>>> print(open('input32.pdb').read())   # PDB, C-alpha atoms
MODEL        1
ATOM      1  CA  MET T 240     -46.894  -1.237 -20.361
ATOM      2  CA  VAL T 241     -45.298   0.924 -23.078
ATOM      3  CA  PHE T 242     -44.106   4.531 -22.640
ATOM      4  CA  ASN T 243     -43.373   6.742 -25.654
ATOM      5  CA  ASP T 244     -40.482   9.164 -25.629
ATOM      6  CA  LYS T 245     -41.847  11.872 -27.987
ATOM      7  CA  ASN T 246     -38.489  13.616 -28.407
ATOM      8  CA  ASN T 247     -36.500  10.616 -29.493
ATOM      9  CA  MET T 248     -39.409   8.490 -30.757
ATOM     10  CA  ILE T 249     -38.339   5.583 -28.554
ATOM     11  CA  LYS T 250     -40.759   3.063 -27.129
ATOM     12  CA  ILE T 251     -39.776   1.778 -23.714
ATOM     13  CA  LYS T 252     -41.363  -1.403 -22.443
ATOM     14  CA  VAL T 253     -41.655  -1.598 -18.683
ATOM     15  CA  PRO T 254     -42.927  -4.764 -16.988
ATOM     16  CA  MET T 255     -46.323  -4.199 -15.447
ATOM     17  CA  ILE T 256     -45.122  -5.353 -12.061
ATOM     18  CA  HIS T 257     -42.560  -2.519 -11.918
ATOM     19  CA  CYS T 258     -45.299  -0.030 -12.678
ATOM     20  CA  LEU T 259     -47.352  -1.480  -9.881
ATOM     21  CA  GLN T 260     -44.516  -1.097  -7.421
ATOM     22  CA  SER T 261     -43.947   2.525  -8.307
ATOM     23  CA  PRO T 262     -45.543   5.133  -5.972
ATOM     24  CA  ARG T 263     -46.698   6.932  -9.087
ATOM     25  CA  PHE T 264     -49.103   4.088  -9.804
ATOM     26  CA  SER T 265     -49.994   3.152  -6.228
ATOM     27  CA  GLY T 266     -53.480   4.618  -6.480
ATOM     28  CA  VAL T 267     -54.363   3.013  -9.794
ATOM     29  CA  SER T 268     -57.091   0.375  -9.761
ATOM     30  CA  TRP T 269     -55.914  -2.425 -11.979
ATOM     31  CA  PRO T 270     -58.343  -4.703 -13.830
ATOM     32  CA  TRP T 271     -56.834  -7.683 -12.070
ATOM     33  CA  ALA T 272     -57.295  -6.259  -8.564
ATOM     34  CA  SER T 273     -59.889  -8.944  -7.864
ATOM     35  CA  GLN T 274     -57.323 -11.590  -8.787
ATOM     36  CA  ARG T 275     -54.928 -10.136  -6.229
ATOM     37  CA  GLY T 276     -57.712 -10.324  -3.679
ATOM     38  CA  ARG T 277     -58.243 -13.999  -4.436
ATOM     39  CA  ILE T 278     -54.528 -14.686  -4.060
ATOM     40  CA  VAL T 279     -54.391 -12.912  -0.699
ATOM     41  CA  SER T 280     -57.484 -14.800   0.463
ATOM     42  CA  LEU T 281     -55.943 -18.122  -0.565
ATOM     43  CA  TYR T 282     -52.729 -17.312   1.277
ATOM     44  CA  PHE T 283     -54.646 -16.230   4.379
ATOM     45  CA  VAL T 284     -56.696 -19.433   4.458
ATOM     46  CA  THR T 285     -53.641 -21.601   3.755
ATOM     47  CA  ILE T 286     -51.455 -20.074   6.445
ATOM     48  CA  THR T 287     -54.346 -20.353   8.909
ATOM     49  CA  ILE T 288     -54.698 -24.069   8.140
ATOM     50  CA  LEU T 289     -50.954 -24.662   8.418
ATOM     51  CA  PHE T 290     -50.831 -23.108  11.867
ATOM     52  CA  MET T 291     -53.929 -25.019  12.923
ATOM     53  CA  ASP T 292     -51.970 -28.141  12.066
ATOM     54  CA  MET T 293     -49.011 -27.040  14.179
ATOM     55  CA  ASN T 294     -51.036 -27.125  17.417
ATOM     56  CA  LEU T 295     -53.067 -30.298  16.945
ATOM     57  CA  MET T 296     -50.918 -32.539  19.157
ATOM     58  CA  ALA T 297     -50.508 -30.307  22.201
ATOM     59  CA  PRO T 298     -53.864 -30.962  23.950
ATOM     60  CA  ASN T 299     -53.593 -34.728  23.448
ATOM     61  CA  LEU T 300     -50.017 -35.624  24.358
ATOM     62  CA  SER T 301     -51.096 -37.875  27.245
ATOM     63  CA  THR T 302     -53.656 -39.688  25.090
ATOM     64  CA  ILE T 303     -51.125 -40.277  22.306
ATOM     65  CA  ALA T 304     -48.491 -41.435  24.801
ATOM     66  CA  GLU T 305     -50.903 -43.916  26.352
ATOM     67  CA  GLU T 306     -51.800 -45.354  22.949
ATOM     68  CA  PHE T 307     -48.126 -45.810  22.058
ATOM     69  CA  GLY T 308     -47.253 -47.273  25.467
ATOM     70  CA  MET T 309     -45.109 -44.384  26.693
ATOM     71  CA  ASP T 310     -44.586 -43.395  30.305
ATOM     72  CA  ASP T 311     -44.612 -39.747  31.400
ATOM     73  CA  ASP T 312     -40.905 -39.231  30.797
ATOM     74  CA  GLU T 313     -41.067 -40.730  27.306
ATOM     75  CA  ARG T 314     -44.116 -38.594  26.551
ATOM     76  CA  ASP T 315     -42.294 -35.420  27.508
ATOM     77  CA  VAL T 316     -39.120 -36.308  25.622
ATOM     78  CA  LYS T 317     -40.501 -37.967  22.493
ATOM     79  CA  LEU T 318     -43.796 -36.145  21.958
ATOM     80  CA  GLY T 319     -43.126 -32.849  23.673
ATOM     81  CA  GLY T 320     -39.462 -32.508  22.755
ATOM     82  CA  MET T 321     -38.165 -34.582  19.860
ATOM     83  CA  ILE T 322     -41.137 -34.061  17.551
ATOM     84  CA  ALA T 323     -41.096 -30.307  18.177
ATOM     85  CA  LEU T 324     -37.346 -30.273  17.568
ATOM     86  CA  GLY T 325     -37.693 -32.180  14.306
ATOM     87  CA  PHE T 326     -40.617 -29.986  13.276
ATOM     88  CA  PHE T 327     -38.576 -26.774  13.500
ATOM     89  CA  PHE T 328     -35.111 -28.218  12.845
ATOM     90  CA  VAL T 329     -36.256 -29.355   9.400
ATOM     91  CA  GLY T 330     -38.618 -26.436   8.786
ATOM     92  CA  ALA T 331     -35.927 -23.782   9.241
ATOM     93  CA  PRO T 332     -33.510 -24.941   6.490
ATOM     94  CA  VAL T 333     -36.460 -25.730   4.219
ATOM     95  CA  SER T 334     -37.610 -22.131   4.642
ATOM     96  CA  PHE T 335     -34.205 -20.931   3.448
ATOM     97  CA  LEU T 336     -34.153 -23.386   0.526
ATOM     98  CA  VAL T 337     -37.665 -22.585  -0.665
ATOM     99  CA  GLY T 338     -36.995 -18.867  -0.304
ATOM    100  CA  TRP T 339     -33.964 -19.258  -2.554
ATOM    101  CA  LEU T 340     -35.919 -21.320  -5.082
ATOM    102  CA  ALA T 341     -38.708 -18.715  -5.109
ATOM    103  CA  ASP T 342     -36.319 -16.313  -6.831
ATOM    104  CA  SER T 343     -35.462 -18.716  -9.626
ATOM    105  CA  ILE T 344     -38.473 -20.910 -10.436
ATOM    106  CA  ASN T 345     -42.234 -20.561 -10.828
ATOM    107  CA  ARG T 346     -43.581 -19.882  -7.354
ATOM    108  CA  SER T 347     -47.097 -21.194  -7.965
ATOM    109  CA  PRO T 348     -46.131 -24.891  -8.281
ATOM    110  CA  LEU T 349     -43.453 -24.397  -5.623
ATOM    111  CA  PHE T 350     -46.080 -23.193  -3.162
ATOM    112  CA  ALA T 351     -48.491 -25.967  -4.165
ATOM    113  CA  VAL T 352     -45.916 -28.738  -3.682
ATOM    114  CA  THR T 353     -44.718 -27.318  -0.362
ATOM    115  CA  VAL T 354     -48.228 -27.127   1.091
ATOM    116  CA  PHE T 355     -49.247 -30.489  -0.380
ATOM    117  CA  VAL T 356     -46.291 -32.293   1.213
ATOM    118  CA  GLY T 357     -47.062 -30.823   4.617
ATOM    119  CA  GLU T 358     -50.770 -31.512   4.516
ATOM    120  CA  LEU T 359     -50.121 -35.039   3.294
ATOM    121  CA  GLY T 360     -48.070 -35.480   6.450
ATOM    122  CA  CYS T 361     -50.928 -34.024   8.478
ATOM    123  CA  LEU T 362     -53.346 -36.513   6.951
ATOM    124  CA  GLY T 363     -50.910 -39.356   7.493
ATOM    125  CA  ALA T 364     -50.663 -38.511  11.207
ATOM    126  CA  ALA T 365     -54.265 -39.608  11.596
ATOM    127  CA  PHE T 366     -53.393 -43.149  10.509
ATOM    128  CA  VAL T 367     -50.010 -43.816  12.123
ATOM    129  CA  THR T 368     -49.504 -46.949  14.200
ATOM    130  CA  SER T 369     -46.117 -46.178  15.744
ATOM    131  CA  TYR T 370     -44.062 -43.295  17.073
ATOM    132  CA  PRO T 371     -41.543 -43.248  14.177
ATOM    133  CA  GLN T 372     -44.408 -42.893  11.709
ATOM    134  CA  LEU T 373     -45.851 -40.014  13.718
ATOM    135  CA  TYR T 374     -42.430 -38.375  13.869
ATOM    136  CA  VAL T 375     -42.022 -38.493  10.085
ATOM    137  CA  CYS T 376     -45.501 -37.086   9.500
ATOM    138  CA  ARG T 377     -44.882 -34.163  11.836
ATOM    139  CA  VAL T 378     -41.561 -33.386  10.195
ATOM    140  CA  LEU T 379     -43.326 -33.244   6.825
ATOM    141  CA  THR T 380     -45.742 -30.732   8.300
ATOM    142  CA  GLY T 381     -42.798 -28.619   9.443
ATOM    143  CA  ILE T 382     -41.596 -28.567   5.842
ATOM    144  CA  SER T 383     -44.840 -27.004   4.655
ATOM    145  CA  ILE T 384     -44.902 -24.314   7.339
ATOM    146  CA  GLY T 385     -41.258 -23.422   6.823
ATOM    147  CA  GLY T 386     -41.539 -23.417   3.032
ATOM    148  CA  ALA T 387     -44.879 -21.705   2.486
ATOM    149  CA  ILE T 388     -44.118 -18.497   4.377
ATOM    150  CA  PRO T 389     -41.224 -17.193   2.211
ATOM    151  CA  VAL T 390     -43.201 -17.913  -0.969
ATOM    152  CA  ILE T 391     -46.218 -16.031   0.354
ATOM    153  CA  TYR T 392     -44.259 -12.908   1.255
ATOM    154  CA  SER T 393     -42.286 -13.050  -1.974
ATOM    155  CA  VAL T 394     -45.487 -13.037  -4.040
ATOM    156  CA  LEU T 395     -47.084 -10.307  -1.922
ATOM    157  CA  GLY T 396     -44.008  -8.184  -2.503
ATOM    158  CA  ASP T 397     -44.584  -8.439  -6.248
ATOM    159  CA  LEU T 398     -48.328  -7.910  -6.151
ATOM    160  CA  TYR T 399     -48.408  -4.756  -4.041
ATOM    161  CA  PRO T 400     -46.505  -1.455  -4.030
ATOM    162  CA  ALA T 401     -44.189  -0.691  -1.131
ATOM    163  CA  ASN T 402     -46.698   1.545   0.648
ATOM    164  CA  LYS T 403     -49.267  -1.286   0.844
ATOM    165  CA  ARG T 404     -47.116  -4.337   1.528
ATOM    166  CA  SER T 405     -46.987  -3.954   5.296
ATOM    167  CA  ALA T 406     -50.770  -3.803   5.627
ATOM    168  CA  ILE T 407     -51.343  -6.773   3.298
ATOM    169  CA  SER T 408     -48.632  -8.800   5.019
ATOM    170  CA  ALA T 409     -50.215  -8.016   8.389
ATOM    171  CA  VAL T 410     -53.597  -9.269   7.147
ATOM    172  CA  VAL T 411     -52.089 -12.557   5.996
ATOM    173  CA  THR T 412     -49.971 -12.926   9.134
ATOM    174  CA  THR T 413     -53.031 -12.751  11.396
ATOM    175  CA  GLY T 414     -53.765 -16.232  10.061
ATOM    176  CA  THR T 415     -50.873 -17.597  12.139
ATOM    177  CA  GLY T 416     -52.453 -16.599  15.439
ATOM    178  CA  ILE T 417     -55.973 -17.470  14.353
ATOM    179  CA  GLY T 418     -54.851 -20.865  13.093
ATOM    180  CA  ALA T 419     -52.885 -21.711  16.243
ATOM    181  CA  GLY T 420     -55.889 -20.849  18.393
ATOM    182  CA  ILE T 421     -58.390 -22.777  16.290
ATOM    183  CA  GLY T 422     -56.113 -25.808  16.150
ATOM    184  CA  GLN T 423     -55.738 -25.838  19.924
ATOM    185  CA  VAL T 424     -59.492 -25.584  20.489
ATOM    186  CA  LEU T 425     -60.298 -28.146  17.807
ATOM    187  CA  ALA T 426     -57.876 -30.742  19.139
ATOM    188  CA  GLY T 427     -59.046 -30.203  22.703
ATOM    189  CA  SER T 428     -62.733 -30.433  21.825
ATOM    190  CA  ILE T 429     -62.738 -33.782  20.026
ATOM    191  CA  GLN T 430     -62.285 -37.059  21.869
ATOM    192  CA  SER T 431     -60.257 -38.736  19.140
ATOM    193  CA  TRP T 432     -56.771 -37.256  18.767
ATOM    194  CA  ARG T 433     -56.649 -38.523  15.163
ATOM    195  CA  LEU T 434     -59.786 -36.898  13.771
ATOM    196  CA  PRO T 435     -58.528 -33.272  14.014
ATOM    197  CA  PHE T 436     -55.662 -34.147  11.666
ATOM    198  CA  ILE T 437     -58.158 -35.260   9.017
ATOM    199  CA  ILE T 438     -60.371 -32.208   9.546
ATOM    200  CA  VAL T 439     -57.422 -29.880   9.007
ATOM    201  CA  ALA T 440     -55.617 -31.840   6.284
ATOM    202  CA  VAL T 441     -58.495 -32.088   3.804
ATOM    203  CA  PRO T 442     -59.015 -28.327   3.274
ATOM    204  CA  GLY T 443     -55.231 -27.882   3.367
ATOM    205  CA  LEU T 444     -54.775 -30.325   0.501
ATOM    206  CA  LEU T 445     -57.526 -28.544  -1.423
ATOM    207  CA  CYS T 446     -55.744 -25.206  -0.957
ATOM    208  CA  SER T 447     -52.558 -26.694  -2.398
ATOM    209  CA  LEU T 448     -54.459 -27.652  -5.562
ATOM    210  CA  LEU T 449     -56.104 -24.260  -6.181
TER     211      LEU T 449
ENDMDL
END
>>> encode(input="input32.pdb", output="structure tokens")
Amino acid sequence: MVFNDKNNMIKIKVPMIHCLQSPRFSGVSWPWASQRGRIVSLYFVTITILFMDMNLMAPNLSTIAEEFGMDDDERDVKLGGMIALGFFFVGAPVSFLVGWLADSINRSPLFAVTVFVGELGCLGAAFVTSYPQLYVCRVLTGISIGGAIPVIYSVLGDLYPANKRSAISAVVTTGTGIGAGIGQVLAGSIQSWRLPFIIVAVPGLLCSLL
């Protein structure tokens, strides 16, 4: 956007995004408002799917343990403890790294790669034949959850003025609770513990490609 200083005849170019963030322009309806809506919708659906993925193992720990020949103690330690630890222990530093990268590189491919890696791990969990394979797949899923969130909020901060960011962020964040609930119900409603991973991974991979 260009502003003209009539006194000094100077043209000042201001990036459109700065105009958008200014309270002076907060009520303006931009031509690309529908594009912002599509972006928010994509982020909402993606974060919902990621948090569905996070809860897919919980209802079926005993079934998984039996298939891998684990006793109750091994189930609690390996499936209930070590996988959860790896999930968040890797996801936390990845969140910091991706957040740092989001300030220096194109966030669209960064978001796509982050989600794709995690959902590939989700899909892989449906076909594992051993505990180490399952562990690796769940860690990959932790990468996507940890990495996607800072990118989402970074983009929302650029798309919306300060007086609207909280509301938009709240809308997107509701996907975390909705996803966790749906994932729990889905995994507990299907006999096969593997099938829910496929059901969740396929739309997740599609989201990463949009």
>>> atom_distance(input="input32.pdb", atom1="atom CA of T:Cys361", atom2="atom CA of T:Pro389")
20.4 Å
>>> closest_residue(input="input32.pdb", among="T:Glu358, T:Glu306, T:Asp397, T:Asp312", to="T:Ile286", atoms="all atoms listed in the file")
T:Glu358
>>> atom_distance(input="input32.pdb", atom1="atom CA of T:Ala364", atom2="atom CA of T:Arg433")
7.2 Å
>>> resolve_selection(input="input32.pdb", expression="the PyMOL selection byres ((chain T and resi 388) around 10)", output="ChimeraX atom specification")
/T:282,286,334,337-338,350,383-387,389-393,412
>>> atom_distance(input="input32.pdb", atom1="atom CA of T:Ile278", atom2="atom CA of T:Ile417")
18.7 Å
>>> residues_around(input="input32.pdb", residues="T:Ala365", least_positions_apart="6", cutoff="7 Å", atoms="all atoms listed in the file", output="list in words")
Arg433, Leu434, Phe436 and Ile437 of chain T
>>> resolve_selection(input="input32.pdb", expression="the PyMOL selection byres ((chain T and resi 373) around 12)", output="JSON, numbers by chain")
{"T": [296, 303, 304, 307, 317, 318, 321, 322, 323, 325, 326, 360, 361, 362, 363, 364, 365, 366, 367, 368, 369, 370, 371, 372, 374, 375, 376, 377, 378, 379, 380, 433, 436]}
>>> closest_residue(input="input32.pdb", among="T:Ala440, T:Val279, T:Met309, T:Ala419", to="T:Gly396", atoms="all atoms listed in the file")
T:Val279
>>> closest_residue(input="input32.pdb", among="T:Thr285, T:Ser343, T:Leu398, T:Ile438", to="T:Ser273", atoms="only C-alpha atoms")
T:Leu398
>>> resolve_selection(input="input32.pdb", expression="the PyMOL selection byres ((chain T and resi 421) around 12)", output="list in words")
Thr287, Ile288, Leu289, Phe290, Met291, Asp292, Met293, Asn294, Leu295, Gly414, Thr415, Gly416, Ile417, Gly418, Ala419, Gly420, Gly422, Gln423, Val424, Leu425, Ala426, Gly427, Ser428, Pro435, Ile438 and Val439 of chain T
>>> write_last_selection(input="input32.pdb", atoms="C-alpha atoms", output="PDB file, keeping the file's coordinate frame")
ATOM      1  CA  THR T 287     -54.346 -20.353   8.909  1.00  0.00           C
ATOM      2  CA  ILE T 288     -54.698 -24.069   8.140  1.00  0.00           C
ATOM      3  CA  LEU T 289     -50.954 -24.662   8.418  1.00  0.00           C
ATOM      4  CA  PHE T 290     -50.831 -23.108  11.867  1.00  0.00           C
ATOM      5  CA  MET T 291     -53.929 -25.019  12.923  1.00  0.00           C
ATOM      6  CA  ASP T 292     -51.970 -28.141  12.066  1.00  0.00           C
ATOM      7  CA  MET T 293     -49.011 -27.040  14.179  1.00  0.00           C
ATOM      8  CA  ASN T 294     -51.036 -27.125  17.417  1.00  0.00           C
ATOM      9  CA  LEU T 295     -53.067 -30.298  16.945  1.00  0.00           C
ATOM     10  CA  GLY T 414     -53.765 -16.232  10.061  1.00  0.00           C
ATOM     11  CA  THR T 415     -50.873 -17.597  12.139  1.00  0.00           C
ATOM     12  CA  GLY T 416     -52.453 -16.599  15.439  1.00  0.00           C
ATOM     13  CA  ILE T 417     -55.973 -17.470  14.353  1.00  0.00           C
ATOM     14  CA  GLY T 418     -54.851 -20.865  13.093  1.00  0.00           C
ATOM     15  CA  ALA T 419     -52.885 -21.711  16.243  1.00  0.00           C
ATOM     16  CA  GLY T 420     -55.889 -20.849  18.393  1.00  0.00           C
ATOM     17  CA  GLY T 422     -56.113 -25.808  16.150  1.00  0.00           C
ATOM     18  CA  GLN T 423     -55.738 -25.838  19.924  1.00  0.00           C
ATOM     19  CA  VAL T 424     -59.492 -25.584  20.489  1.00  0.00           C
ATOM     20  CA  LEU T 425     -60.298 -28.146  17.807  1.00  0.00           C
ATOM     21  CA  ALA T 426     -57.876 -30.742  19.139  1.00  0.00           C
ATOM     22  CA  GLY T 427     -59.046 -30.203  22.703  1.00  0.00           C
ATOM     23  CA  SER T 428     -62.733 -30.433  21.825  1.00  0.00           C
ATOM     24  CA  PRO T 435     -58.528 -33.272  14.014  1.00  0.00           C
ATOM     25  CA  ILE T 438     -60.371 -32.208   9.546  1.00  0.00           C
ATOM     26  CA  VAL T 439     -57.422 -29.880   9.007  1.00  0.00           C
TER      27      VAL T 439
END
>>> decode(input="input32.pdb", residues="stretch 411-423 of chain T", atoms="all heavy atoms", output="CSV table (one decimal), in the first residue's frame")
chain,number,residue,atom,x,y,z
T,411,VAL,N,-9.0,-21.8,16.7
T,411,VAL,CA,-8.1,-22.8,16.2
T,411,VAL,C,-7.7,-23.8,17.4
T,411,VAL,O,-7.7,-25.0,17.2
T,411,VAL,CB,-6.8,-22.2,15.6
T,411,VAL,CG1,-5.8,-23.3,15.3
T,411,VAL,CG2,-7.2,-21.4,14.4
T,412,THR,N,-7.5,-23.2,18.6
T,412,THR,CA,-7.1,-24.0,19.7
T,412,THR,C,-8.2,-25.0,20.1
T,412,THR,O,-7.9,-26.1,20.7
T,412,THR,CB,-6.7,-23.1,20.9
T,412,THR,OG1,-5.7,-22.2,20.5
T,412,THR,CG2,-6.2,-23.9,22.1
T,413,THR,N,-9.5,-24.7,19.9
T,413,THR,CA,-10.5,-25.6,20.3
T,413,THR,C,-10.3,-27.0,19.6
T,413,THR,O,-10.8,-28.0,20.0
T,413,THR,CB,-11.9,-25.1,19.9
T,413,THR,OG1,-12.0,-24.8,18.5
T,413,THR,CG2,-12.3,-23.9,20.7
T,414,GLY,N,-9.6,-27.0,18.5
T,414,GLY,CA,-9.3,-28.2,17.7
T,414,GLY,C,-8.5,-29.2,18.6
T,414,GLY,O,-8.6,-30.4,18.4
T,415,THR,N,-7.7,-28.7,19.5
T,415,THR,CA,-6.9,-29.6,20.4
T,415,THR,C,-7.8,-30.5,21.2
T,415,THR,O,-7.6,-31.7,21.3
T,415,THR,CB,-5.9,-28.8,21.3
T,415,THR,OG1,-6.7,-28.0,22.2
T,415,THR,CG2,-5.0,-28.0,20.4
T,416,GLY,N,-8.8,-29.8,21.9
T,416,GLY,CA,-9.7,-30.6,22.7
T,416,GLY,C,-10.6,-31.5,21.9
T,416,GLY,O,-10.9,-32.7,22.3
T,417,ILE,N,-11.1,-31.0,20.8
T,417,ILE,CA,-12.0,-31.8,20.0
T,417,ILE,C,-11.3,-33.0,19.4
T,417,ILE,O,-11.8,-34.1,19.4
T,417,ILE,CB,-12.6,-30.9,18.8
T,417,ILE,CG1,-13.5,-29.8,19.4
T,417,ILE,CG2,-13.3,-31.7,17.8
T,417,ILE,CD1,-13.9,-28.8,18.3
T,418,GLY,N,-10.1,-32.7,18.9
T,418,GLY,CA,-9.3,-33.8,18.4
T,418,GLY,C,-9.0,-34.9,19.4
T,418,GLY,O,-9.1,-36.1,19.1
T,419,ALA,N,-8.6,-34.5,20.6
T,419,ALA,CA,-8.2,-35.5,21.6
T,419,ALA,C,-9.5,-36.3,22.0
T,419,ALA,O,-9.4,-37.6,22.1
T,419,ALA,CB,-7.7,-34.8,22.9
T,420,GLY,N,-10.6,-35.7,22.0
T,420,GLY,CA,-11.8,-36.4,22.3
T,420,GLY,C,-12.2,-37.4,21.2
T,420,GLY,O,-12.6,-38.6,21.5
T,421,ILE,N,-12.2,-36.9,20.0
T,421,ILE,CA,-12.5,-37.8,18.9
T,421,ILE,C,-11.6,-39.0,18.7
T,421,ILE,O,-12.0,-40.1,18.5
T,421,ILE,CB,-12.5,-37.0,17.5
T,421,ILE,CG1,-13.7,-35.9,17.6
T,421,ILE,CG2,-12.7,-37.9,16.3
T,421,ILE,CD1,-13.7,-35.0,16.4
T,422,GLY,N,-10.3,-38.7,18.9
T,422,GLY,CA,-9.3,-39.8,18.8
T,422,GLY,C,-9.5,-40.8,19.9
T,422,GLY,O,-9.4,-42.0,19.6
T,423,GLN,N,-9.9,-40.4,21.1
T,423,GLN,CA,-10.1,-41.4,22.2
T,423,GLN,C,-11.4,-42.2,21.8
T,423,GLN,O,-11.3,-43.5,22.0
T,423,GLN,CB,-10.4,-40.6,23.5
T,423,GLN,CG,-10.5,-41.5,24.7
T,423,GLN,CD,-9.2,-41.7,25.4
T,423,GLN,OE1,-8.2,-41.2,25.0
T,423,GLN,NE2,-9.2,-42.5,26.4
